[in-house]
$ cat input.cif   # mmCIF, C-alpha atoms
data_my_file
loop_
_atom_site.label_atom_id
_atom_site.label_comp_id
_atom_site.auth_asym_id
_atom_site.auth_seq_id
_atom_site.Cartn_x
_atom_site.Cartn_y
_atom_site.Cartn_z
CA MET A 1 4.24 19.46 -0.55
CA TYR A 2 1.96 18.59 2.39
CA ARG A 3 -1.03 18.21 0.06
CA LEU A 4 0.99 16.05 -2.32
CA ILE A 5 2.07 13.72 0.48
CA LYS A 6 -1.47 13.60 1.88
CA ARG A 7 -2.92 12.75 -1.54
CA HIS A 8 -0.48 9.89 -2.08
CA PHE A 9 -0.12 8.88 1.56
CA GLY A 10 -1.04 5.23 0.89
CA VAL A 11 1.54 4.93 -1.88
CA VAL A 12 4.18 6.54 0.32
CA VAL A 13 3.45 4.11 3.16
CA ASP A 14 3.61 1.12 0.80
CA TYR A 15 6.90 2.33 -0.69
CA VAL A 16 8.41 2.96 2.74
CA SER A 17 7.39 -0.57 3.76
CA LEU A 18 9.02 -2.05 0.68
CA LEU A 19 12.09 0.14 1.11
CA ALA A 20 12.36 -0.87 4.77
CA GLY A 21 12.55 -4.47 3.69
CA SER A 22 15.22 -3.63 1.12
CA ALA A 23 17.23 -1.47 3.54
CA GLY A 24 17.05 -4.07 6.28
CA ARG A 25 18.04 -6.78 3.91
CA LEU A 26 20.87 -4.66 2.51
CA VAL A 27 22.53 -4.51 5.93
CA LEU A 28 21.92 -8.21 6.61
CA SER A 29 23.04 -9.21 3.11
CA LEU A 30 26.29 -7.34 3.62
CA ALA A 31 26.92 -9.18 6.92
CA TYR A 32 26.03 -12.47 5.23
CA PHE A 33 28.26 -11.77 2.23
CA VAL A 34 31.27 -10.73 4.31
CA SER A 35 31.00 -13.83 6.53
CA VAL A 36 30.64 -16.36 3.71
CA ALA A 37 33.20 -14.70 1.44
CA ASN A 38 35.86 -14.87 4.14
CA ALA A 39 34.93 -18.22 5.69
CA LEU A 40 35.43 -20.02 2.37
CA THR A 41 38.36 -19.84 0.00
CA ILE A 42 37.87 -17.65 -3.07
CA ALA A 43 37.49 -20.76 -5.25
CA GLU A 44 34.92 -22.26 -2.85
CA PHE A 45 33.01 -18.99 -2.78
CA GLY A 46 32.95 -18.96 -6.57
CA LEU A 47 31.51 -22.48 -6.64
CA PHE A 48 28.95 -21.64 -3.95
CA ALA A 49 27.82 -18.44 -5.71
CA THR A 50 27.51 -20.23 -9.04
CA ALA A 51 25.60 -23.17 -7.52
CA SER A 52 23.30 -20.74 -5.71
CA ALA A 53 22.66 -18.90 -8.98
CA THR A 54 21.82 -22.23 -10.60
CA GLY A 55 19.40 -22.99 -7.76
CA ILE A 56 17.66 -19.64 -8.33
CA VAL A 57 17.15 -20.53 -12.01
CA LEU A 58 15.81 -23.97 -11.05
CA SER A 59 13.46 -22.43 -8.48
CA ARG A 60 11.58 -20.78 -11.36
CA ILE A 61 10.77 -24.22 -12.78
CA ALA A 62 9.30 -25.29 -9.42
CA GLY A 63 5.57 -24.63 -9.36
CA LEU A 64 5.41 -24.17 -13.15
CA GLY A 65 4.63 -20.47 -12.77
CA PHE A 66 1.41 -21.02 -10.80
CA VAL A 67 2.60 -18.45 -8.27
CA SER A 68 1.39 -15.77 -10.73
CA PRO A 69 -2.31 -16.82 -10.55
CA LEU A 70 -1.94 -17.14 -6.78
CA TYR A 71 -0.67 -13.57 -6.54
CA ARG A 72 -3.44 -12.29 -8.79
CA ILE A 73 -6.11 -14.05 -6.69
CA ALA A 74 -4.54 -12.69 -3.50
CA THR A 75 -4.88 -9.22 -5.01
CA VAL A 76 -8.49 -9.40 -6.24
CA LYS A 77 -10.18 -12.38 -4.49
CA PRO A 78 -8.31 -13.21 -1.27
CA ARG A 79 -11.04 -15.65 -0.16
CA LEU A 80 -9.69 -18.04 -2.84
CA ILE A 81 -6.11 -18.02 -1.52
CA GLY A 82 -6.55 -21.49 0.02
CA THR A 83 -7.87 -22.91 -3.25
CA TYR A 84 -5.04 -21.50 -5.33
CA THR A 85 -2.46 -22.46 -2.70
CA THR A 86 -3.59 -26.04 -3.19
CA GLY A 87 -3.11 -25.59 -6.93
CA LEU A 88 0.40 -24.31 -6.34
CA LEU A 89 1.20 -27.33 -4.13
CA VAL A 90 0.02 -29.65 -6.92
CA ALA A 91 2.13 -27.71 -9.43
CA PHE A 92 5.17 -28.02 -7.17
CA GLY A 93 4.68 -31.78 -6.99
CA LEU A 94 4.38 -32.06 -10.77
CA SER A 95 7.52 -29.97 -11.31
CA VAL A 96 9.82 -32.00 -9.01
CA PRO A 97 11.00 -34.43 -11.75
CA LEU A 98 11.71 -31.50 -14.09
CA VAL A 99 13.72 -29.69 -11.40
CA ALA A 100 15.68 -32.86 -10.58
CA LEU A 101 16.47 -33.52 -14.24
CA ALA A 102 17.57 -29.93 -14.87
CA ALA A 103 19.69 -29.95 -11.69
CA TRP A 104 21.45 -33.12 -12.82
CA ALA A 105 22.16 -31.57 -16.24
CA PHE A 106 23.60 -28.38 -14.71
CA TYR A 107 25.81 -30.39 -12.36
CA ALA A 108 27.11 -32.63 -15.14
CA LEU A 109 27.86 -29.68 -17.42
CA PHE A 110 29.41 -27.20 -14.99
CA PHE A 111 30.15 -28.66 -11.56
CA ALA A 112 31.22 -32.30 -11.97
CA GLY A 113 34.74 -32.71 -10.60
CA GLU A 114 34.70 -29.24 -9.03
CA MET A 115 32.38 -29.70 -6.04
CA HIS A 116 30.83 -32.58 -4.09
CA PRO A 117 27.40 -33.57 -5.45
CA ALA A 118 25.95 -33.46 -1.91
CA ALA A 119 27.04 -29.82 -1.59
CA PHE A 120 25.40 -28.94 -4.91
CA ALA A 121 22.20 -30.80 -3.96
CA ALA A 122 22.00 -29.03 -0.57
CA ILE A 123 22.33 -25.60 -2.22
CA VAL A 124 19.68 -26.44 -4.83
CA VAL A 125 17.26 -27.69 -2.16
CA ALA A 126 17.87 -24.50 -0.15
CA GLU A 127 16.99 -22.28 -3.12
CA VAL A 128 14.20 -24.33 -4.72
CA ALA A 129 12.36 -25.88 -1.79
CA PHE A 130 13.01 -23.40 1.01
CA TRP A 131 13.84 -19.85 -0.10
CA ARG A 132 11.40 -19.96 -3.02
CA VAL A 133 8.58 -20.87 -0.61
CA LEU A 134 9.56 -17.91 1.59
CA GLU A 135 9.36 -15.69 -1.51
CA ILE A 136 5.86 -16.98 -2.20
CA VAL A 137 4.76 -16.05 1.31
CA VAL A 138 6.08 -12.53 0.64
CA ILE A 139 4.28 -12.41 -2.73
CA VAL A 140 0.93 -13.41 -1.20
CA ASN A 141 1.26 -10.89 1.64
CA ASN A 142 2.09 -8.14 -0.84
CA GLY A 143 -0.88 -9.23 -2.95
CA ILE A 144 -3.33 -8.64 -0.11
CA GLY A 145 -1.68 -5.33 0.71
CA ARG A 146 0.31 -6.43 3.76
CA PHE A 147 3.52 -4.79 2.60
CA ALA A 148 4.89 -4.37 6.13
CA ARG A 149 4.52 -8.11 6.73
CA GLY A 150 6.20 -8.84 3.43
CA ALA A 151 9.11 -6.61 4.41
CA ALA A 152 9.28 -8.29 7.83
CA ILE A 153 9.49 -11.75 6.23
CA VAL A 154 12.36 -10.65 4.00
CA ILE A 155 14.23 -9.16 6.96
CA ILE A 156 13.65 -12.24 9.17
CA GLY A 157 14.73 -14.63 6.42
CA SER A 158 17.83 -12.60 5.66
CA ALA A 159 18.62 -12.36 9.40
CA VAL A 160 18.45 -16.16 9.76
CA ARG A 161 20.82 -16.65 6.84
CA ALA A 162 23.15 -13.91 8.09
CA ALA A 163 23.22 -15.46 11.58
CA ALA A 164 24.08 -18.85 10.08
CA ALA A 165 26.88 -17.29 8.02
CA VAL A 166 28.33 -15.37 10.97
CA GLY A 167 28.16 -18.49 13.12
CA PHE A 168 29.85 -20.58 10.47
CA ALA A 169 32.60 -18.00 9.97
CA THR A 170 33.13 -17.74 13.73
CA PHE A 171 33.05 -21.38 14.76
CA GLY A 172 33.99 -23.45 11.76
CA HIS A 173 36.03 -23.45 8.59
CA ALA A 174 35.19 -26.95 7.42
CA GLY A 175 34.82 -26.12 3.76
CA LEU A 176 32.14 -25.88 1.12
CA LEU A 177 30.24 -29.09 1.93
CA ALA A 178 29.78 -28.10 5.57
CA TRP A 179 28.66 -24.60 4.63
CA SER A 180 26.20 -25.99 2.06
CA LEU A 181 24.50 -28.07 4.76
CA VAL A 182 24.39 -25.09 7.13
CA TYR A 183 22.98 -22.95 4.31
CA MET A 184 20.25 -25.48 3.60
CA ALA A 185 19.30 -25.69 7.29
CA ALA A 186 19.18 -21.89 7.64
CA ASN A 187 16.91 -21.55 4.62
CA GLY A 188 14.68 -24.29 6.01
CA VAL A 189 14.31 -22.42 9.32
CA ALA A 190 13.55 -19.15 7.49
CA MET A 191 10.89 -20.87 5.40
CA ALA A 192 9.25 -22.44 8.45
CA ILE A 193 9.04 -19.07 10.21
CA ALA A 194 7.51 -17.46 7.10
CA VAL A 195 4.90 -20.16 6.49
CA LEU A 196 3.87 -20.72 10.11
CA GLY A 197 3.96 -17.10 11.17
CA PHE A 198 2.85 -15.11 8.13
CA TYR A 199 0.91 -17.13 5.56
CA PRO A 200 -2.81 -16.22 5.46
CA THR A 201 -4.98 -18.87 7.15
CA TRP A 202 -7.39 -20.14 4.51
CA ARG A 203 -8.73 -23.70 4.17
CA LEU A 204 -6.97 -25.69 1.46
CA ARG A 205 -9.35 -26.89 -1.25
CA LEU A 206 -8.64 -28.62 -4.56
CA ALA A 207 -10.50 -27.09 -7.55
CA PRO A 208 -9.06 -28.35 -10.87
CA ARG A 209 -11.76 -26.53 -12.86
CA LEU A 210 -10.46 -23.17 -11.63
CA TYR A 211 -6.86 -24.05 -12.43
CA ALA A 212 -7.50 -25.14 -16.03
CA SER A 213 -7.94 -21.59 -17.32
CA ARG A 214 -4.76 -20.42 -15.55
CA TRP A 215 -2.21 -22.92 -16.87
CA ARG A 216 -1.40 -21.12 -20.10
CA ASP A 217 -0.65 -17.93 -18.21
CA SER A 218 1.30 -19.88 -15.57
CA LEU A 219 3.56 -21.61 -18.09
CA SER A 220 4.11 -18.34 -19.94
CA VAL A 221 5.17 -16.63 -16.71
CA ALA A 222 7.37 -19.60 -15.75
CA GLY A 223 9.10 -19.48 -19.14
CA ALA A 224 9.73 -15.76 -18.83
CA GLU A 225 11.05 -16.14 -15.28
CA ILE A 226 13.38 -18.99 -16.26
CA VAL A 227 14.76 -16.97 -19.18
CA PHE A 228 15.11 -13.87 -16.99
CA TYR A 229 17.16 -15.59 -14.31
CA LEU A 230 19.08 -17.74 -16.77
CA GLN A 231 20.32 -14.68 -18.67
CA SER A 232 20.95 -12.93 -15.35
CA GLU A 233 23.02 -15.77 -13.89
CA LEU A 234 24.53 -17.21 -17.07
CA ASP A 235 27.67 -15.13 -16.66
CA LYS A 236 28.62 -16.99 -13.46
CA LEU A 237 28.34 -20.35 -15.21
CA LEU A 238 30.42 -19.16 -18.17
CA VAL A 239 33.10 -17.66 -15.94
CA LEU A 240 33.34 -20.97 -14.04
CA SER A 241 33.64 -22.87 -17.32
CA PHE A 242 36.26 -20.60 -18.92
CA GLY A 243 38.15 -19.32 -15.90
CA GLY A 244 37.88 -22.03 -13.26
CA PRO A 245 36.77 -21.77 -9.60
CA HIS A 246 39.26 -19.07 -8.49
CA ILE A 247 38.41 -16.64 -11.31
CA ALA A 248 34.73 -17.47 -10.73
CA GLY A 249 35.28 -16.49 -7.11
CA ILE A 250 36.80 -13.12 -8.02
CA TYR A 251 33.96 -12.47 -10.44
CA ALA A 252 31.36 -13.53 -7.84
CA LEU A 253 32.85 -11.17 -5.25
CA VAL A 254 32.64 -8.20 -7.63
CA MET A 255 29.16 -9.08 -8.90
CA ARG A 256 27.84 -9.67 -5.38
CA LEU A 257 28.73 -6.07 -4.54
CA VAL A 258 26.98 -5.03 -7.76
CA ASP A 259 23.94 -7.09 -6.71
CA LEU A 260 23.64 -5.12 -3.48
CA THR A 261 22.87 -1.99 -5.51
CA ALA A 262 19.78 -3.69 -6.96
CA LEU A 263 17.99 -4.13 -3.62
CA PRO A 264 16.68 -0.55 -3.24
CA VAL A 265 16.09 -0.33 -7.01
CA ARG A 266 13.69 -3.29 -6.90
CA SER A 267 11.44 -1.49 -4.44
CA PHE A 268 11.39 1.43 -6.86
CA ASN A 269 10.55 -0.95 -9.73
CA THR A 270 7.61 -2.34 -7.78
CA MET A 271 6.04 1.08 -7.25
CA VAL A 272 6.69 2.20 -10.84
CA VAL A 273 4.92 -0.85 -12.26
CA GLN A 274 2.01 -0.56 -9.85
CA LYS A 275 1.68 3.06 -10.97
CA LEU A 276 1.60 1.84 -14.58
CA MET A 277 -1.11 -0.68 -13.75
CA LYS A 278 -3.29 2.16 -12.45
CA THR A 279 -2.25 4.83 -14.99
CA PRO A 280 -1.50 3.01 -18.27
CA ARG A 281 -0.40 6.10 -20.23
CA TRP A 282 2.01 7.31 -17.54
CA LEU A 283 5.12 6.37 -19.53
CA ASP A 284 3.97 7.60 -22.93
CA GLY A 285 6.36 10.56 -22.87
CA TRP A 286 10.12 10.24 -23.36
CA ARG A 287 10.85 12.86 -20.73
CA ILE A 288 9.55 10.70 -17.89
CA ARG A 289 11.01 7.55 -19.44
CA CYS A 290 14.47 9.08 -19.55
CA GLY A 291 14.02 10.60 -16.10
CA LEU A 292 13.16 7.27 -14.51
CA GLU A 293 16.01 5.47 -16.28
CA GLY A 294 18.39 8.21 -15.19
CA LEU A 295 17.20 7.84 -11.59
CA VAL A 296 17.74 4.06 -11.62
CA ALA A 297 21.20 4.51 -13.15
CA ALA A 298 22.23 7.25 -10.70
CA VAL A 299 21.17 5.30 -7.61
CA SER A 300 22.95 2.19 -8.91
CA VAL A 301 26.23 3.98 -9.68
CA LEU A 302 26.23 5.91 -6.41
CA GLY A 303 25.68 2.71 -4.46
CA LEU A 304 28.66 0.92 -6.03
CA ALA A 305 30.77 4.10 -5.84
CA ALA A 306 30.17 4.22 -2.09
CA LEU A 307 31.18 0.58 -1.64
CA GLY A 308 34.12 0.91 -4.02
CA GLY A 309 35.30 4.11 -2.34
CA LEU A 310 35.22 2.42 1.06
CA LEU A 311 37.23 -0.52 -0.25
CA HIS A 312 39.70 1.81 -1.98
CA VAL A 313 40.48 3.53 1.30
CA TYR A 314 40.12 0.44 3.51
CA PRO A 315 40.71 -2.66 1.35
CA ASP A 316 40.29 -5.03 4.31
CA ALA A 317 37.03 -3.44 5.49
CA LEU A 318 35.04 -6.44 4.23
CA GLY A 319 37.64 -9.09 4.98
CA HIS A 320 40.81 -10.52 3.49
CA ASN A 321 39.18 -12.38 0.58
CA VAL A 322 37.11 -9.38 -0.50
CA ALA A 323 40.32 -7.29 -0.31
CA GLU A 324 41.66 -9.27 -3.27
CA ALA A 325 38.74 -8.06 -5.38
CA ALA A 326 38.66 -4.55 -3.86
CA PRO A 327 40.79 -2.86 -6.58
CA LEU A 328 38.40 -4.17 -9.23
CA VAL A 329 35.16 -2.78 -7.80
CA LEU A 330 35.47 0.80 -9.06
CA ILE A 331 36.60 -0.49 -12.46
CA ALA A 332 33.09 -1.97 -12.87
CA LEU A 333 31.42 1.30 -11.83
CA LEU A 334 28.89 1.45 -14.69
CA VAL A 335 27.90 -2.23 -14.56
CA PRO A 336 25.14 -1.88 -11.91
CA ALA A 337 23.47 0.98 -13.83
CA PHE A 338 23.08 -0.98 -17.07
CA ARG A 339 22.35 -4.27 -15.27
CA ASN A 340 19.59 -2.78 -13.12
CA LEU A 341 18.12 -0.94 -16.12
CA VAL A 342 17.72 -4.21 -18.02
CA GLU A 343 15.78 -5.58 -15.04
CA TYR A 344 13.70 -2.38 -14.83
CA GLN A 345 12.79 -2.59 -18.52
CA SER A 346 11.83 -6.23 -18.09
CA GLU A 347 9.40 -5.23 -15.34
CA LEU A 348 7.74 -2.72 -17.68
CA LEU A 349 6.90 -5.52 -20.12
CA TYR A 350 5.66 -7.70 -17.27
CA ALA A 351 3.39 -4.91 -16.05
CA GLN A 352 1.71 -4.75 -19.44
CA GLY A 353 1.12 -8.50 -19.35
CA LYS A 354 3.45 -9.16 -22.30
CA THR A 355 5.15 -12.19 -20.78
CA THR A 356 5.91 -13.82 -24.14
CA SER A 357 7.53 -10.66 -25.49
CA ARG A 358 9.39 -10.28 -22.19
CA ALA A 359 10.77 -13.79 -22.48
CA ALA A 360 11.84 -13.16 -26.07
CA VAL A 361 13.63 -9.92 -25.14
CA LEU A 362 15.42 -11.61 -22.25
CA ALA A 363 16.39 -14.56 -24.44
CA VAL A 364 18.01 -12.21 -26.97
CA VAL A 365 19.76 -10.31 -24.16
CA GLY A 366 21.01 -13.61 -22.72
CA LEU A 367 22.43 -14.75 -26.06
CA ILE A 368 24.18 -11.41 -26.59
CA LYS A 369 25.60 -11.60 -23.05
CA ALA A 370 26.93 -15.14 -23.58
CA ALA A 371 28.57 -14.25 -26.90
CA LEU A 372 30.17 -11.04 -25.60
CA LEU A 373 31.36 -12.68 -22.38
CA ILE A 374 33.08 -15.49 -24.27
CA LEU A 375 34.66 -12.93 -26.60
CA LEU A 376 35.77 -10.85 -23.62
CA PHE A 377 37.49 -13.80 -21.92
CA ARG A 378 39.28 -14.85 -25.07
CA ARG A 379 40.43 -11.32 -25.93
CA PHE A 380 41.40 -10.12 -22.44
CA PRO A 381 42.84 -12.84 -20.16
CA ASP A 382 43.94 -10.27 -17.55
CA GLU A 383 41.26 -9.88 -14.87
CA THR A 384 41.56 -6.07 -14.75
CA GLU A 385 40.96 -5.82 -18.49
CA TRP A 386 37.92 -8.11 -18.61
CA ILE A 387 36.36 -6.48 -15.54
CA LEU A 388 36.75 -3.13 -17.32
CA GLY A 389 35.24 -4.70 -20.42
CA LEU A 390 32.12 -5.61 -18.44
CA ASN A 391 31.09 -1.92 -18.56
CA GLY A 392 30.90 -2.08 -22.35
CA LEU A 393 29.25 -5.51 -22.27
CA PHE A 394 26.40 -4.40 -20.01
CA PHE A 395 26.08 -1.15 -21.96
CA ALA A 396 25.45 -3.23 -25.10
CA LEU A 397 22.87 -5.31 -23.20
CA TRP A 398 21.09 -2.15 -22.06
CA LEU A 399 20.99 -0.76 -25.60
CA ALA A 400 19.53 -4.01 -26.96
CA SER A 401 17.00 -4.29 -24.14
CA ALA A 402 15.92 -0.64 -24.38
CA ALA A 403 15.49 -0.78 -28.16
CA MET A 404 13.31 -3.89 -27.99
CA THR A 405 11.37 -2.91 -24.86
CA TYR A 406 10.36 0.59 -25.90
CA THR A 407 9.60 -0.55 -29.45
CA LEU A 408 7.18 -3.10 -28.01
CA LEU A 409 5.66 -0.57 -25.62
CA ASP A 410 5.18 2.05 -28.36
CA TRP A 411 3.85 -0.55 -30.75
CA THR A 412 1.17 -1.82 -28.39
CA GLY A 413 0.77 1.31 -26.26
CA PHE A 414 -0.17 1.46 -22.60
CA SER A 415 -3.85 1.09 -23.39
CA HIS A 416 -4.66 -2.48 -22.41
CA ALA A 417 -5.24 -1.86 -18.74
CA GLY A 418 -7.63 -4.77 -18.45
CA ARG A 419 -4.91 -7.19 -19.52
CA PHE A 420 -2.39 -6.16 -16.92
CA ARG A 421 -1.04 -8.85 -14.65
CA PRO A 422 0.26 -8.20 -11.15
CA ILE A 423 3.91 -7.30 -10.81
CA ARG A 424 6.35 -9.98 -9.74
CA GLN A 425 7.43 -9.25 -6.16
CA PRO A 426 11.02 -10.53 -5.77
CA ALA A 427 12.32 -11.16 -2.28
CA GLU A 428 15.86 -11.53 -3.41
#
$ encode --input "input.cif" --output "structure tokens"
Amino acid sequence: MYRLIKRHFGVVVDYVSLLAGSAGRLVLSLAYFVSVANALTIAEFGLFATASATGIVLSRIAGLGFVSPLYRIATVKPRLIGTYTTGLLVAFGLSVPLVALAAWAFYALFFAGEMHPAAFAAIVVAEVAFWRVLEIVVIVNNGIGRFARGAAIVIIGSAVRAAAAVGFATFGHAGLLAWSLVYMAANGVAMAIAVLGFYPTWRLRLAPRLYASRWRDSLSVAGAEIVFYLQSELDKLLVLSFGGPHIAGIYALVMRLVDLTALPVRSFNTMVVQKLMKTPRWLDGWRIRCGLEGLVAAVSVLGLAALGGLLHVYPDALGHNVAEAAPLVLIALLVPAFRNLVEYQSELLYAQGKTTSRAAVLAVVGLIKAALLILLFRRFPDETEWILGLNGLFFALWLASAAMTYTLLDWTGFSHAGRFRPIRQPAE
């Protein structure tokens, strides 16, 4: 055991650094969630969660995917970070009209008449302009091997947002618009700390010739990221459309607890894909494939079981609003396993550099999710029944994703090591 740890000491240290960021953020995210969920009404929380999810989707349009070349350069040629940072700034500027147009379309389709446009705009700015930039600082630090700094940024950013939420819950209950402005300000402070305190100091330099060869890859990555988050967050938009703000709030409360189980899993995903980048044939055998999927599923289910068990015994442990959703948590026990496995399988395709195939798989998964969710709402109007039905829905998504993912991996094999792109490093 000692020799094994010594041989892989660097990997262990990197994983512990990533896990520290996830563990720290898990605690802070819980404090943040409890404060916001109980400071707003359930309907307001549903609108906020859905608008935030929309902002996350829109944040993947910002920069047109040029964060991927920046991460790759940070990994292999850190002296060019300043040059590629300039390219990313240019890409952000070019993407602003696209983000604005998409934001207007989302608001008109899903939020008009339900929430103030200023509240929606503040949430979108917080996610697109502020939190996304913080994520990029984390990505660059991870690219140059500063995993501890990346973890520290995540913890600091989450702490700022948690402090804002606790303060808002303690001192004011002015509604969704007020919270949206506080949320935007908190994200702005977190971004400023990340950029000023942690971004590598390299001189900015414009080099269009270097960017030209990267745009195809950038747009491919951007497309895959948009599809990934759209299929991931589409359920919130559909629930708002079919069930209204209150049902959207109940759903958001349950799914937020499910989301918490993904934080430690994402650190695991990062290390698995980095292992694949170095050892392409590592996942050739079905024994290790099934073992890793079983590990992801077990950790996910145990995490939600712990939260659900706590709420079963102490329904008010996370506040009066969360108590309304408490009886539903254990009903959705298998949802985090299948949901996190779809994300894990997506990362395997990304590791092999198959961004187009990844986008296609996620698009199919998203369409299946939309169709099944609409069917579920029409067939089972009772909230207990459709929450229970989510287990089967996400099971179907996992089956579809697994069939397509492993077919693609077996078809191409893990033999194109030179084509691998760096793993996406999510901070959320």
$ residues_near_point --input "input.cif" --point "(18.6, 6.7, -12.4)" --cutoff "12 Å" --atoms "only C-alpha atoms" --output "PyMOL selection string"
chain A and resi 261-262+264-265+268-269+288-303+334+336-341+344
$ residues_around --input "input.cif" --residues "Val140 (chain A)" --least-positions-apart "5" --cutoff "8 Å" --atoms "all atoms listed in the file" --output "number ranges by chain"
A: 70-71, 74, 199
$ atom_distance --input "input.cif" --atom1 "CA of Ser52 (chain A)" --atom2 "CA of Ala252 (chain A)"
11.0 Å
$ residues_near_point --input "input.cif" --point "(31.2, -23.6, -1.3)" --cutoff "9 Å" --atoms "all atoms listed in the file" --output "number ranges by chain"
A: 36, 40-41, 43-49, 51, 115, 119-120, 175-180
$ atom_distance --input "input.cif" --atom1 "CA of Ile226 (chain A)" --atom2 "CA of Thr405 (chain A)"
18.3 Å
$ residues_around --input "input.cif" --residues "region 202-217 of chain A" --least-positions-apart "3" --cutoff "7 Å" --atoms "only C-alpha atoms" --output "list in words"
Pro69, Ile81, Gly82, Thr83, Thr85, Thr86, Gly87, Ser220 and Val221 of chain A
$ closest_residue --input "input.cif" --among "A:Ile368, A:Ala190, A:Ala91, A:Ala159" --to "Leu64 (chain A)" --atoms "all atoms listed in the file"
A:Ala91
$ atom_distance --input "input.cif" --atom1 "CA of Gln345 (chain A)" --atom2 "CA of Ala102 (chain A)"
28.0 Å
$ residues_around --input "input.cif" --residues "region 26-28 of chain A" --least-positions-apart "3" --cutoff "9 Å" --atoms "only C-alpha atoms" --output "ChimeraX atom specification"
/A:21-23,31-33,155,158-159,161-163,260-261,263-264
$ build_atoms --input "input.cif" --residues "region 108-120 of chain A" --atoms "N, CA, C and O atoms" --output "PDB file, in the coordinates of the input"
ATOM      1  N   ALA A 108      26.248 -31.894 -14.210  1.00  0.00           N
ATOM      2  CA  ALA A 108      27.110 -32.630 -15.140  1.00  0.00           C
ATOM      3  C   ALA A 108      27.873 -31.682 -16.058  1.00  0.00           C
ATOM      4  O   ALA A 108      29.043 -31.923 -16.373  1.00  0.00           O
ATOM      5  N   LEU A 109      27.237 -30.599 -16.473  1.00  0.00           N
ATOM      6  CA  LEU A 109      27.860 -29.680 -17.420  1.00  0.00           C
ATOM      7  C   LEU A 109      28.879 -28.740 -16.781  1.00  0.00           C
ATOM      8  O   LEU A 109      29.919 -28.442 -17.379  1.00  0.00           O
ATOM      9  N   PHE A 110      28.601 -28.281 -15.560  1.00  0.00           N
ATOM     10  CA  PHE A 110      29.410 -27.200 -14.990  1.00  0.00           C
ATOM     11  C   PHE A 110      30.141 -27.536 -13.689  1.00  0.00           C
ATOM     12  O   PHE A 110      31.150 -26.908 -13.390  1.00  0.00           O
ATOM     13  N   PHE A 111      29.621 -28.481 -12.914  1.00  0.00           N
ATOM     14  CA  PHE A 111      30.150 -28.660 -11.560  1.00  0.00           C
ATOM     15  C   PHE A 111      30.829 -30.006 -11.310  1.00  0.00           C
ATOM     16  O   PHE A 111      31.513 -30.152 -10.296  1.00  0.00           O
ATOM     17  N   ALA A 112      30.638 -30.980 -12.184  1.00  0.00           N
ATOM     18  CA  ALA A 112      31.220 -32.300 -11.970  1.00  0.00           C
ATOM     19  C   ALA A 112      32.738 -32.198 -11.871  1.00  0.00           C
ATOM     20  O   ALA A 112      33.391 -31.596 -12.723  1.00  0.00           O
ATOM     21  N   GLY A 113      33.296 -32.772 -10.822  1.00  0.00           N
ATOM     22  CA  GLY A 113      34.740 -32.710 -10.600  1.00  0.00           C
ATOM     23  C   GLY A 113      35.198 -31.477  -9.880  1.00  0.00           C
ATOM     24  O   GLY A 113      36.362 -31.405  -9.462  1.00  0.00           O
ATOM     25  N   GLU A 114      34.334 -30.482  -9.720  1.00  0.00           N
ATOM     26  CA  GLU A 114      34.700 -29.240  -9.030  1.00  0.00           C
ATOM     27  C   GLU A 114      34.157 -29.177  -7.609  1.00  0.00           C
ATOM     28  O   GLU A 114      34.801 -28.609  -6.721  1.00  0.00           O
ATOM     29  N   MET A 115      32.972 -29.738  -7.372  1.00  0.00           N
ATOM     30  CA  MET A 115      32.380 -29.700  -6.040  1.00  0.00           C
ATOM     31  C   MET A 115      31.635 -31.011  -5.773  1.00  0.00           C
ATOM     32  O   MET A 115      31.190 -31.686  -6.700  1.00  0.00           O
ATOM     33  N   HIS A 116      31.500 -31.349  -4.489  1.00  0.00           N
ATOM     34  CA  HIS A 116      30.830 -32.580  -4.090  1.00  0.00           C
ATOM     35  C   HIS A 116      29.356 -32.518  -4.493  1.00  0.00           C
ATOM     36  O   HIS A 116      28.700 -31.488  -4.299  1.00  0.00           O
ATOM     37  N   PRO A 117      28.814 -33.608  -5.048  1.00  0.00           N
ATOM     38  CA  PRO A 117      27.400 -33.570  -5.450  1.00  0.00           C
ATOM     39  C   PRO A 117      26.445 -33.297  -4.292  1.00  0.00           C
ATOM     40  O   PRO A 117      25.391 -32.676  -4.487  1.00  0.00           O
ATOM     41  N   ALA A 118      26.809 -33.727  -3.077  1.00  0.00           N
ATOM     42  CA  ALA A 118      25.950 -33.460  -1.910  1.00  0.00           C
ATOM     43  C   ALA A 118      25.891 -31.960  -1.611  1.00  0.00           C
ATOM     44  O   ALA A 118      24.846 -31.445  -1.204  1.00  0.00           O
ATOM     45  N   ALA A 119      27.020 -31.268  -1.812  1.00  0.00           N
ATOM     46  CA  ALA A 119      27.040 -29.820  -1.590  1.00  0.00           C
ATOM     47  C   ALA A 119      26.145 -29.123  -2.600  1.00  0.00           C
ATOM     48  O   ALA A 119      25.362 -28.224  -2.260  1.00  0.00           O
ATOM     49  N   PHE A 120      26.242 -29.529  -3.858  1.00  0.00           N
ATOM     50  CA  PHE A 120      25.400 -28.940  -4.910  1.00  0.00           C
ATOM     51  C   PHE A 120      23.927 -29.206  -4.618  1.00  0.00           C
ATOM     52  O   PHE A 120      23.090 -28.298  -4.719  1.00  0.00           O
TER      53      PHE A 120
END
